[in-house]
>>> print(open('query.txt').read())   # compact mmCIF, C-alpha atoms
# COMPACT_ATOMS: atom_id res chain seq x y z
CA MET A 28 13.91 6.28 29.92
CA LYS A 29 16.55 8.50 31.52
CA PRO A 30 19.82 8.48 29.52
CA GLU A 31 21.72 8.31 32.83
CA MET A 32 20.70 4.67 33.16
CA LEU A 33 22.68 3.83 30.01
CA GLN A 34 25.80 4.98 31.85
CA VAL A 35 25.34 2.63 34.81
CA GLN A 36 27.98 -0.06 35.21
CA GLN A 37 26.56 -3.49 35.99
CA TYR A 38 28.13 -5.45 38.86
CA LEU A 39 26.94 -8.92 37.86
CA ASN A 40 30.45 -10.05 36.97
CA VAL A 41 31.52 -9.92 40.64
CA HIS A 42 28.32 -11.43 42.08
CA PRO A 43 28.98 -14.49 44.32
CA ILE A 44 25.77 -16.21 43.21
CA LEU A 45 27.52 -16.99 39.92
CA GLU A 46 29.55 -19.63 41.75
CA LYS A 47 26.50 -21.59 42.95
CA LYS A 48 24.97 -24.57 41.18
CA ALA A 49 22.21 -24.07 38.60
CA SER A 50 19.26 -25.07 40.81
CA VAL A 51 20.28 -22.57 43.51
CA LYS A 52 20.76 -19.79 40.96
CA GLU A 53 17.31 -20.41 39.50
CA LYS A 54 15.66 -20.15 42.90
CA TYR A 55 17.66 -17.03 43.76
CA VAL A 56 16.65 -15.24 40.56
CA SER A 57 13.04 -16.38 41.04
CA LEU A 58 13.08 -14.83 44.51
CA ILE A 59 14.41 -11.57 43.08
CA SER A 60 11.62 -11.68 40.50
CA TYR A 61 9.04 -12.12 43.26
CA PHE A 62 10.07 -8.93 45.08
CA VAL A 63 10.50 -6.99 41.85
CA SER A 64 7.08 -8.08 40.56
CA GLU A 65 5.52 -6.79 43.78
CA GLN A 66 6.35 -3.27 42.60
CA LYS A 67 4.20 -3.77 39.49
CA SER A 68 6.62 -1.62 37.54
CA GLU A 69 6.32 -1.16 33.77
CA ASP A 70 9.68 0.59 33.73
CA LEU A 71 11.94 -0.49 30.84
CA TRP A 72 15.02 -0.58 33.05
CA CYS A 73 13.31 -2.83 35.59
CA LYS A 74 12.13 -5.26 32.92
CA GLN A 75 15.44 -5.46 31.09
CA ALA A 76 17.62 -5.54 34.21
CA LEU A 77 15.67 -8.58 35.43
CA LYS A 78 16.13 -10.18 32.00
CA LEU A 79 19.87 -9.53 32.19
CA TYR A 80 20.00 -11.27 35.59
CA CYS A 81 18.18 -14.28 34.14
CA ASP A 82 20.46 -14.43 31.10
CA ARG A 83 23.74 -13.98 32.94
CA ILE A 84 23.12 -15.81 36.21
CA ILE A 85 21.24 -18.76 34.74
CA GLY A 86 21.61 -18.69 30.96
CA ASP A 87 20.44 -16.89 27.82
CA GLY A 88 16.75 -17.28 27.22
CA PHE A 89 15.83 -18.46 30.73
CA GLU A 90 12.33 -17.35 31.67
CA ILE A 91 10.89 -17.32 35.18
CA LYS A 92 7.61 -19.18 35.37
CA LYS A 93 4.91 -16.99 36.83
CA GLU A 94 3.43 -19.84 38.86
CA ASN A 95 6.78 -20.13 40.66
CA ILE A 96 6.66 -16.60 42.04
CA LYS A 97 3.01 -16.20 43.01
CA ASP A 98 3.39 -17.52 46.55
CA LEU A 99 6.19 -16.34 48.83
CA SER A 100 5.76 -19.47 50.96
CA LEU A 101 7.38 -21.44 48.13
CA PHE A 102 10.69 -19.83 49.06
CA LYS A 103 10.64 -20.58 52.80
CA GLN A 104 13.20 -23.34 52.51
CA PHE A 105 15.34 -21.22 50.18
CA LYS A 106 15.60 -17.97 52.12
CA PHE A 107 19.24 -17.49 51.15
CA PHE A 108 20.19 -16.09 54.56
CA LYS A 109 23.82 -15.92 53.48
CA TYR A 110 22.82 -13.80 50.50
CA ARG A 111 20.06 -11.71 52.08
CA TYR A 112 21.95 -8.41 51.72
CA TYR A 113 22.89 -9.27 48.14
CA LEU A 114 19.21 -9.99 47.53
CA LEU A 115 18.22 -6.59 48.89
CA THR A 116 20.88 -4.87 46.80
CA ASP A 117 19.86 -6.72 43.62
CA CYS A 118 16.20 -5.85 44.11
CA LEU A 119 16.98 -2.19 44.73
CA PHE A 120 19.26 -2.11 41.70
CA ILE A 121 16.62 -3.62 39.43
CA ALA A 122 13.40 -2.09 40.77
CA SER A 123 14.38 1.28 42.22
CA TYR A 124 17.93 2.28 41.32
CA ASP A 125 17.12 6.00 41.05
CA ASN A 126 13.98 6.10 43.20
CA GLN A 127 14.68 5.87 46.93
CA LYS A 128 11.02 6.29 47.84
CA LYS A 129 10.14 3.27 45.73
CA GLY A 130 13.14 1.48 47.21
CA GLN A 131 11.63 1.88 50.67
CA LYS A 132 8.80 -0.42 49.61
CA VAL A 133 11.31 -2.99 48.39
CA LEU A 134 13.12 -2.77 51.73
CA GLU A 135 9.96 -3.34 53.76
CA SER A 136 8.99 -6.36 51.65
CA ILE A 137 12.36 -8.00 52.19
CA ILE A 138 12.41 -7.20 55.93
CA ASN A 139 8.98 -8.78 56.16
CA PHE A 140 10.40 -11.89 54.49
CA TYR A 141 13.47 -12.24 56.70
CA GLY A 142 12.08 -10.83 59.95
CA GLU A 143 12.37 -7.66 62.06
CA ARG A 144 15.57 -8.79 63.74
CA TYR A 145 17.38 -7.98 60.49
CA ARG A 146 15.87 -4.49 60.13
CA LYS A 147 18.87 -2.53 61.44
CA LYS A 148 21.37 -4.18 59.11
CA MET A 149 18.92 -4.10 56.21
CA GLU A 150 18.41 -0.37 56.72
CA CYS A 151 22.18 0.07 56.87
CA ALA A 152 22.52 -1.60 53.46
CA PHE A 153 19.57 0.38 52.11
CA ASN A 154 21.07 3.72 53.15
CA ALA A 155 24.44 2.74 51.72
CA PHE A 156 22.85 1.83 48.38
CA TYR A 157 21.64 5.41 47.87
CA SER A 158 24.88 6.93 49.13
CA VAL A 159 28.16 7.70 47.32
CA ASN A 160 30.36 6.28 50.08
CA ASP A 161 29.82 4.70 53.50
CA ASP A 162 32.80 3.63 55.60
CA LEU A 163 30.56 2.15 58.28
CA PHE A 164 28.90 -0.08 55.69
CA THR A 165 32.17 -1.45 54.32
CA LYS A 166 33.27 -2.29 57.86
CA THR A 167 29.96 -4.00 58.58
CA PHE A 168 29.69 -5.80 55.24
CA PRO A 169 33.24 -6.28 53.86
CA GLU A 170 31.97 -9.04 51.56
CA LEU A 171 29.82 -6.49 49.68
CA LYS A 172 32.60 -3.94 49.22
CA ALA A 173 33.26 -4.79 45.56
CA ILE A 174 29.61 -4.43 44.58
CA TYR A 175 28.98 -1.24 46.55
CA SER A 176 32.17 0.34 45.21
CA ILE A 177 30.67 -0.04 41.73
CA ILE A 178 27.31 1.38 42.87
CA TRP A 179 28.94 4.38 44.55
CA ASN A 180 31.19 5.01 41.57
CA ASN A 181 28.10 4.96 39.33
CA ARG A 182 26.51 7.72 41.39
CA LEU A 183 29.65 9.85 41.51
CA PHE A 184 30.31 9.42 37.81
CA ILE A 185 26.77 10.15 36.62
CA GLY A 186 26.47 13.05 39.07
CA SER A 187 29.51 14.79 37.58
CA PRO A 188 29.14 17.35 34.74
CA LEU A 189 28.48 15.75 31.35
CA LYS A 190 30.64 16.89 28.44
CA LYS A 191 28.90 16.64 25.07
CA ILE A 192 30.98 16.40 21.90
CA MET A 193 29.18 16.64 18.57
CA ILE A 194 30.73 15.26 15.39
CA THR A 195 29.71 16.54 11.97
CA ALA A 196 30.90 15.79 8.45
CA ASN A 197 29.83 15.04 4.94
CA MET A 198 29.22 11.43 3.99
CA SER A 199 32.26 9.16 3.60
CA ALA A 200 34.51 11.35 5.73
CA GLY A 201 34.82 8.53 8.29
CA LYS A 202 32.69 10.05 11.04
CA SER A 203 31.23 6.81 12.39
CA THR A 204 34.62 5.12 12.17
CA LEU A 205 36.02 7.95 14.29
CA ILE A 206 33.33 7.35 16.92
CA ASN A 207 34.12 3.63 16.95
CA ALA A 208 37.81 4.48 17.34
CA LEU A 209 37.07 6.78 20.27
CA ALA A 210 34.89 4.10 21.88
CA GLY A 211 37.48 1.40 21.20
CA LYS A 212 34.83 -1.01 19.92
CA LYS A 213 32.25 -1.20 17.14
CA VAL A 214 29.12 0.49 18.40
CA ASN A 215 28.16 2.63 15.42
CA LYS A 216 27.41 1.94 11.78
CA THR A 217 30.08 2.79 9.24
CA GLN A 218 29.73 3.80 5.59
CA ASN A 219 29.30 0.16 4.57
CA ASP A 220 26.10 -0.06 6.61
CA THR A 221 22.76 1.47 5.72
CA CYS A 222 22.37 4.58 7.86
CA THR A 223 19.17 6.39 8.78
CA ALA A 224 18.47 9.98 9.75
CA LYS A 225 18.98 9.63 13.49
CA LEU A 226 21.10 11.39 16.07
CA HIS A 227 23.24 8.77 17.82
CA TYR A 228 24.20 9.54 21.41
CA LEU A 229 27.14 7.49 22.66
CA TYR A 230 27.69 7.66 26.43
CA ASN A 231 30.75 6.52 28.33
CA LYS A 232 29.80 4.14 31.13
CA ALA A 233 30.95 4.60 34.72
CA GLY A 234 33.11 1.48 34.44
CA GLU A 235 33.81 -1.56 32.28
CA ASP A 236 31.26 -4.34 32.68
CA ASN A 237 31.65 -5.81 29.18
CA TYR A 238 28.09 -4.84 28.25
CA SER A 239 26.99 -2.32 25.65
CA CYS A 240 23.43 -1.12 26.10
CA GLU A 241 21.15 0.55 23.57
CA TYR A 242 17.87 2.48 23.78
CA ASP A 243 16.23 2.42 20.36
CA HIS A 244 12.52 2.26 21.21
CA ASP A 245 13.38 -0.97 23.04
CA LEU A 246 16.04 -1.16 25.73
CA GLU A 247 18.82 -3.74 25.50
CA LEU A 248 21.25 -3.89 28.43
CA ASP A 249 23.44 -6.46 26.67
CA ALA A 250 23.11 -5.40 23.06
CA SER A 251 24.69 -7.71 20.50
CA LEU A 252 26.57 -6.35 17.50
CA ASP A 253 23.56 -7.20 15.35
CA ILE A 254 21.27 -5.12 17.59
CA LEU A 255 23.73 -2.21 17.62
CA MET A 256 23.99 -2.26 13.83
CA THR A 257 20.23 -2.59 13.15
CA ASP A 258 17.92 0.37 13.65
CA ASN A 259 14.57 -0.44 15.23
CA ASP A 260 11.73 0.37 12.81
CA LYS A 261 9.45 1.06 15.79
CA ASN A 262 11.56 4.03 16.88
CA ASP A 263 9.73 7.08 15.53
CA SER A 264 11.91 9.52 17.50
CA THR A 265 15.01 11.24 16.14
CA ASP A 266 17.38 9.64 18.67
CA ILE A 267 19.23 6.41 19.35
CA ALA A 268 21.30 6.18 22.54
CA VAL A 269 24.09 3.75 23.40
CA GLY A 270 26.09 3.29 26.60
CA THR A 271 29.44 1.50 26.73
CA ARG A 272 32.78 1.87 28.49
CA PHE A 273 35.26 3.68 26.26
CA ARG A 274 38.61 1.96 25.82
CA SER A 275 42.06 3.33 25.08
CA VAL A 276 45.70 2.96 26.14
CA CYS A 277 44.85 5.18 29.13
CA GLU A 278 41.75 4.74 31.29
CA ILE A 279 39.00 7.06 30.06
CA ASP A 280 37.17 7.93 33.25
CA LYS A 281 35.36 10.97 31.87
CA HIS A 282 31.63 11.65 31.91
CA VAL A 283 31.26 12.29 28.20
CA CYS A 284 28.78 11.80 25.37
CA PHE A 285 29.53 11.81 21.64
CA ILE A 286 26.72 12.96 19.37
CA ASP A 287 26.92 11.49 15.88
CA THR A 288 24.97 13.48 13.30
CA PRO A 289 23.88 12.14 9.89
CA GLY A 290 26.03 12.98 6.86
CA VAL A 291 24.80 16.32 5.53
CA ASN A 292 25.26 15.66 1.82
CA SER A 293 23.16 12.54 1.43
CA SER A 294 21.62 12.50 -2.04
CA MET A 295 19.10 9.90 -0.92
CA ASP A 296 17.55 11.65 2.06
CA LYS A 297 17.52 15.41 2.64
CA THR A 298 16.33 14.87 6.22
CA HIS A 299 19.93 13.89 7.06
CA ARG A 300 21.10 17.45 6.41
CA GLU A 301 18.09 19.00 8.15
CA MET A 302 18.65 16.94 11.28
CA SER A 303 22.38 17.68 11.41
CA ASN A 304 21.79 21.39 10.86
CA GLN A 305 19.19 21.53 13.62
CA ALA A 306 21.59 19.80 16.01
CA ILE A 307 24.34 22.31 15.20
CA GLN A 308 21.96 25.24 15.58
CA SER A 309 20.87 24.02 19.01
CA ALA A 310 24.52 24.23 20.15
CA ASP A 311 23.77 21.56 22.76
CA CYS A 312 27.41 20.55 23.04
CA ASN A 313 30.68 21.68 24.60
CA LEU A 314 32.77 20.94 21.52
CA LEU A 315 32.23 20.37 17.81
CA LEU A 316 34.49 18.05 15.84
CA TYR A 317 34.37 18.78 12.12
CA LEU A 318 35.79 15.93 10.04
CA PHE A 319 37.21 16.36 6.53
CA ASN A 320 37.84 13.62 4.00
CA GLY A 321 41.53 14.19 3.26
CA GLU A 322 41.09 12.76 -0.23
CA ASN A 323 38.46 15.34 -1.14
CA ILE A 324 39.53 18.60 0.49
CA GLY A 325 37.72 21.74 -0.67
CA SER A 326 34.64 20.03 -2.11
CA ASP A 327 31.51 22.05 -2.75
CA ASP A 328 29.68 20.00 -0.11
CA ASP A 329 32.30 20.87 2.52
CA ILE A 330 32.27 24.58 1.59
CA ARG A 331 28.48 24.65 1.86
CA HIS A 332 28.45 22.91 5.25
CA LEU A 333 31.33 24.99 6.63
CA LYS A 334 29.44 28.17 5.77
CA PHE A 335 26.43 26.85 7.67
CA VAL A 336 28.60 25.98 10.68
CA LYS A 337 30.24 29.42 10.62
CA GLU A 338 26.87 31.16 10.57
CA ASN A 339 25.11 28.98 13.11
CA TYR A 340 27.65 27.72 15.67
CA GLU A 341 29.73 29.87 17.99
CA GLY A 342 31.29 27.28 20.27
CA ARG A 343 34.68 25.59 20.26
CA ILE A 344 35.59 23.64 17.10
CA ILE A 345 38.38 21.19 16.31
CA PHE A 346 38.85 20.43 12.62
CA LEU A 347 40.16 16.96 11.79
CA VAL A 348 41.52 15.79 8.45
CA ASN A 349 40.98 12.06 7.99
CA ARG A 350 42.32 9.53 5.48
CA LEU A 351 45.67 11.17 4.92
CA ASP A 352 47.27 7.74 5.27
CA HIS A 353 46.14 7.18 1.67
CA TYR A 354 48.64 9.83 0.57
CA LYS A 355 51.72 8.80 -1.40
CA LYS A 356 55.23 9.70 -0.28
CA ASP A 357 56.90 12.40 -2.41
CA VAL A 358 53.56 13.02 -4.15
CA ASP A 359 51.30 14.37 -1.41
CA SER A 360 52.23 16.47 1.60
CA ILE A 361 50.39 16.20 4.90
CA SER A 362 51.84 19.43 6.28
CA ASP A 363 50.93 21.32 3.08
CA THR A 364 47.39 19.95 3.22
CA LEU A 365 46.96 21.04 6.85
CA THR A 366 48.32 24.50 6.03
CA LYS A 367 45.89 24.81 3.11
CA VAL A 368 42.94 23.79 5.29
CA VAL A 369 43.91 26.40 7.89
CA ASP A 370 44.21 29.10 5.21
CA ASP A 371 40.88 28.16 3.63
CA LEU A 372 39.12 28.22 7.01
CA LYS A 373 40.55 31.66 7.78
CA LYS A 374 39.27 32.94 4.44
CA MET A 375 35.81 31.69 5.43
CA GLY A 376 35.98 33.68 8.65
CA PHE A 377 37.06 31.07 11.19
CA SER A 378 39.42 32.74 13.64
CA ASP A 379 42.61 30.79 14.47
CA PRO A 380 41.17 27.42 13.37
CA VAL A 381 42.61 24.35 15.11
CA VAL A 382 43.36 21.62 12.56
CA TYR A 383 44.83 18.14 13.21
CA PRO A 384 45.33 15.00 11.11
CA ILE A 385 43.67 11.76 12.16
CA SER A 386 43.48 8.19 10.93
CA ALA A 387 40.15 7.06 12.33
CA TYR A 388 40.43 3.64 10.72
CA ALA A 389 43.92 3.00 12.10
CA GLY A 390 42.73 4.07 15.54
CA TYR A 391 39.76 1.75 15.29
CA LEU A 392 41.79 -1.23 14.07
CA GLY A 393 44.48 -0.63 16.68
CA LYS A 394 42.04 -0.60 19.58
CA MET A 395 40.09 -3.60 18.29
CA ALA A 396 43.33 -5.59 18.05
CA LEU A 397 44.58 -4.35 21.40
CA TYR A 398 41.45 -5.58 23.16
CA GLY A 399 41.30 -8.90 21.32
CA GLU A 400 38.22 -8.12 19.23
CA ALA A 401 37.71 -10.18 16.08
CA LEU A 402 38.88 -8.61 12.83
CA SER A 403 37.92 -9.75 9.35
CA GLU A 404 40.62 -11.02 6.99
CA ASP A 405 40.55 -7.69 5.12
CA GLU A 406 40.83 -5.78 8.39
CA GLU A 407 43.82 -7.90 9.40
CA ASP A 408 45.50 -6.93 6.13
CA ASP A 409 44.59 -3.29 6.63
CA LEU A 410 46.00 -3.39 10.15
CA GLU A 411 49.38 -4.54 8.90
CA PHE A 412 49.31 -1.85 6.21
CA VAL A 413 48.60 1.04 8.61
CA LYS A 414 51.22 -0.24 11.05
CA ARG A 415 53.86 0.13 8.34
CA LYS A 416 52.48 3.34 6.82
CA LEU A 417 52.03 5.31 10.02
CA ALA A 418 55.45 4.25 11.32
CA ARG A 419 56.99 6.54 8.70
CA ASP A 420 58.08 9.94 9.96
CA ASP A 421 55.81 11.91 7.62
CA PHE A 422 52.76 9.89 8.65
CA SER A 423 53.26 9.94 12.42
CA TYR A 424 50.36 12.26 13.23
CA GLU A 425 51.20 12.87 16.87
CA GLN A 426 53.84 15.40 15.76
CA TYR A 427 51.06 17.73 14.60
CA TYR A 428 49.36 17.85 18.03
CA PRO A 429 50.42 20.28 20.79
CA VAL A 430 50.41 17.58 23.48
CA THR A 431 52.74 14.82 24.62
CA VAL A 432 51.11 11.43 25.12
CA ASN A 433 52.36 8.23 26.72
CA ALA A 434 50.90 5.41 24.64
CA ASN A 435 52.61 2.55 26.46
CA CYS A 436 50.52 -0.60 26.56
CA LYS A 437 50.90 -4.38 26.68
CA ASP A 438 51.50 -4.49 22.92
CA LYS A 439 54.21 -1.96 22.03
CA GLU A 440 53.52 -2.14 18.30
CA LEU A 441 49.80 -1.43 18.73
CA GLY A 442 50.57 1.34 21.21
CA GLU A 443 52.78 3.01 18.61
CA LEU A 444 50.08 2.62 15.97
CA LEU A 445 47.50 4.31 18.20
CA LEU A 446 49.95 7.11 18.92
CA HIS A 447 50.78 7.61 15.24
CA SER A 448 47.08 7.53 14.26
CA GLY A 449 46.47 10.69 16.29
CA ILE A 450 43.60 9.10 18.23
CA VAL A 451 45.28 9.19 21.67
CA SER A 452 46.53 12.76 21.12
CA LEU A 453 42.98 13.79 20.19
CA GLU A 454 41.64 12.04 23.29
CA LYS A 455 44.02 13.93 25.54
CA ILE A 456 42.86 17.24 24.06
CA ILE A 457 39.11 16.62 24.07
CA TYR A 458 39.00 15.01 27.52
>>> encode(input="query.txt", output="structure tokens")
Amino acid sequence: MKPEMLQVQQYLNVHPILEKKASVKEKYVSLISYFVSEQKSEDLWCKQALKLYCDRIIGDGFEIKKENIKDLSLFKQFKFFKYRYYLLTDCLFIASYDNQKKGQKVLESIINFYGERYRKKMECAFNAFYSVNDDLFTKTFPELKAIYSIIWNNRLFIGSPLKKIMITANMSAGKSTLINALAGKKVNKTQNDTCTAKLHYLYNKAGEDNYSCEYDHDLELDASLDILMTDNDKNDSTDIAVGTRFRSVCEIDKHVCFIDTPGVNSSMDKTHREMSNQAIQSADCNLLLYLFNGENIGSDDDIRHLKFVKENYEGRIIFLVNRLDHYKKDVDSISDTLTKVVDDLKKMGFSDPVVYPISAYAGYLGKMALYGEALSEDEEDDLEFVKRKLARDDFSYEQYYPVTVNANCKDKELGELLLHSGIVSLEKIIY
């Protein structure tokens, strides 16, 4: 399946059929299923998009009975004339989103159902669906403006250049926590979860639809936390891909993909290092983020991996030092640690290395709280701790970044935490 489809924003949340009674919604979805089934598509997107419509329009677990969609005559009294252009749009979205030639067949089937007198307007909607903007369409169909704005934005967003940012580190540096902090939600396993040797591709969606999707042998367009945290044993490839809308104090409207590589110093599985090294050697990214564990600076594992990076990667690198919020006042020095890291990197041959502090965990907790996501009791305690710790002058990481960031948000205290964690300063630089 094309990774672009993971970046598509769904428009179900603004669909007017949601306001109808259950019996009408069932017939509407059954009619969609009839036209989609005519295409005889085995495409994963088609199958799962139809399932999403069933789950969200009617209810989780609803299944369309095959005997109810065999004969088009069954729908004669439920032609949904008021929703005929929504029906066309839904069928195109499910069965032929990125295939206009296939969409032509969908169009002809629906025109045949409603009659030739609707051809001109149907063709107008069809042409607008595969466009990126159509003023004539919005004037003709103002009621569909919200849906088509999402469709057009999808095409503009996905058609723009994709920036790939690879993240590498040794185990326990907080790499997956950093990715969750950048996403603003839990989409990746952390050190407390069993991790496998896979490259995780995390794509920003074109807009917020409150769905996270995952392609891990199977495709899930509304992946639960359990699905996101559980690797599919049937996936014999090296990749897992996830699409979700990134969240922060400022709208992140960038076409970007984070590539999470396995920890390179796993004592349990040497394939972790091999896979990470191959990804770095391929240089299939615009930026490399190298994450240090601030409590274990200068370890043999880091020195070994840094030498490999120096010899095999020539692109732009940002070095991040994580977990400095565990430092003690008047005992440890953040500025001294950053200076030492810079000096050590220069000795290894890195020219003018860029080094910043980060609290990935504080960034993650701050965003989860800001967006009303559930935190465990321990996480609630940790949130209060990092709020106090990072409010101190020495631990306000934004001072170490060469950018000025406005972190104003509905919760001033959480906005300050995200600013002090360094996550929003990092976002401004990498985006």
>>> atom_distance(input="query.txt", atom1="CA of Ser448 in chain A", atom2="CA of Phe412 in chain A")
12.6 Å
>>> closest_residue(input="query.txt", among="A:Pro429, A:Gly342, A:Gly201, A:Gly130", to="Tyr388 in chain A", atoms="only C-alpha atoms")
A:Gly201
>>> atom_distance(input="query.txt", atom1="CA of Lys212 in chain A", atom2="CA of Phe273 in chain A")
7.9 Å
>>> residues_near_point(input="query.txt", point="(50.8, 4.8, 23.0)", cutoff="8 Å", atoms="only C-alpha atoms", output="PyMOL selection string")
chain A and resi 276+432-436+439+441-446+451
>>> atom_distance(input="query.txt", atom1="CA of Phe184 in chain A", atom2="CA of His282 in chain A")
6.4 Å
>>> residues_around(input="query.txt", residues="range 375-377 of chain A", least_positions_apart="5", cutoff="9 Å", atoms="all atoms listed in the file", output="ChimeraX atom specification")
/A:330,333-334,337,369-370
>>> closest_residue(input="query.txt", among="A:Tyr317, A:Tyr38, A:Tyr112, A:Phe335", to="Gln305 in chain A", atoms="all atoms listed in the file")
A:Phe335
>>> closest_residue(input="query.txt", among="A:Asp117, A:Asp359, A:Asp82, A:Asp245", to="Ile59 in chain A", atoms="only C-alpha atoms")
A:Asp117
>>> closest_residue(input="query.txt", among="A:Thr257, A:Ser158, A:Asn320, A:Gln37", to="Leu183 in chain A", atoms="all atoms listed in the file")
A:Ser158
>>> closest_residue(input="query.txt", among="A:Ile450, A:Ala396, A:Pro384, A:His42", to="Glu411 in chain A", atoms="only C-alpha atoms")
A:Ala396
>>> residues_around(input="query.txt", residues="Ser60 in chain A", least_positions_apart="3", cutoff="9 Å", atoms="all atoms listed in the file", output="PyMOL selection string")
chain A and resi 55-57+63-65+77+91+96+118
>>> residues_around(input="query.txt", residues="Arg83 in chain A", least_positions_apart="2", cutoff="12 Å", atoms="only C-alpha atoms", output="PyMOL selection string")
chain A and resi 37-42+44-46+49+52-53+56+76-81+85-90+237-238+248-249
>>> build_atoms(input="query.txt", residues="range 41-58 of chain A", atoms="N, CA and C atoms", output="mmCIF file, keeping the file's coordinate frame")
data_model
loop_
_atom_site.group_PDB
_atom_site.id
_atom_site.type_symbol
_atom_site.label_atom_id
_atom_site.label_comp_id
_atom_site.auth_asym_id
_atom_site.auth_seq_id
_atom_site.Cartn_x
_atom_site.Cartn_y
_atom_site.Cartn_z
ATOM 1 N N VAL A 41 30.864 -9.652 39.349
ATOM 2 C CA VAL A 41 31.520 -9.920 40.640
ATOM 3 C C VAL A 41 30.517 -10.471 41.661
ATOM 4 N N HIS A 42 29.371 -10.936 41.177
ATOM 5 C CA HIS A 42 28.320 -11.430 42.080
ATOM 6 C C HIS A 42 28.642 -12.858 42.527
ATOM 7 N N PRO A 43 28.629 -13.147 43.830
ATOM 8 C CA PRO A 43 28.980 -14.490 44.320
ATOM 9 C C PRO A 43 27.986 -15.575 43.939
ATOM 10 N N ILE A 44 26.766 -15.188 43.578
ATOM 11 C CA ILE A 44 25.770 -16.210 43.210
ATOM 12 C C ILE A 44 26.181 -16.951 41.949
ATOM 13 N N LEU A 45 27.057 -16.352 41.153
ATOM 14 C CA LEU A 45 27.520 -16.990 39.920
ATOM 15 C C LEU A 45 28.249 -18.300 40.192
ATOM 16 N N GLU A 46 28.769 -18.450 41.400
ATOM 17 C CA GLU A 46 29.550 -19.630 41.750
ATOM 18 C C GLU A 46 28.676 -20.796 42.238
ATOM 19 N N LYS A 47 27.390 -20.550 42.430
ATOM 20 C CA LYS A 47 26.500 -21.590 42.950
ATOM 21 C C LYS A 47 26.023 -22.506 41.814
ATOM 22 N N LYS A 48 25.468 -23.636 42.187
ATOM 23 C CA LYS A 48 24.970 -24.570 41.180
ATOM 24 C C LYS A 48 23.673 -24.042 40.560
ATOM 25 N N ALA A 49 23.306 -24.598 39.409
ATOM 26 C CA ALA A 49 22.210 -24.070 38.600
ATOM 27 C C ALA A 49 20.884 -23.998 39.351
ATOM 28 N N SER A 50 20.547 -25.041 40.118
ATOM 29 C CA SER A 50 19.260 -25.070 40.810
ATOM 30 C C SER A 50 19.156 -23.944 41.840
ATOM 31 N N VAL A 51 20.262 -23.654 42.515
ATOM 32 C CA VAL A 51 20.280 -22.570 43.510
ATOM 33 C C VAL A 51 20.147 -21.222 42.811
ATOM 34 N N LYS A 52 20.830 -21.056 41.692
ATOM 35 C CA LYS A 52 20.760 -19.790 40.960
ATOM 36 C C LYS A 52 19.347 -19.526 40.439
ATOM 37 N N GLU A 53 18.682 -20.577 39.991
ATOM 38 C CA GLU A 53 17.310 -20.410 39.500
ATOM 39 C C GLU A 53 16.380 -19.941 40.607
ATOM 40 N N LYS A 54 16.528 -20.536 41.777
ATOM 41 C CA LYS A 54 15.660 -20.150 42.900
ATOM 42 C C LYS A 54 15.984 -18.725 43.362
ATOM 43 N N TYR A 55 17.267 -18.378 43.337
ATOM 44 C CA TYR A 55 17.660 -17.030 43.760
ATOM 45 C C TYR A 55 17.073 -15.981 42.820
ATOM 46 N N VAL A 56 17.186 -16.193 41.525
ATOM 47 C CA VAL A 56 16.650 -15.240 40.560
ATOM 48 C C VAL A 56 15.119 -15.210 40.634
ATOM 49 N N SER A 57 14.505 -16.345 40.881
ATOM 50 C CA SER A 57 13.040 -16.380 41.040
ATOM 51 C C SER A 57 12.608 -15.563 42.245
ATOM 52 N N LEU A 58 13.397 -15.612 43.321
ATOM 53 C CA LEU A 58 13.080 -14.830 44.510
ATOM 54 C C LEU A 58 13.228 -13.326 44.225
#
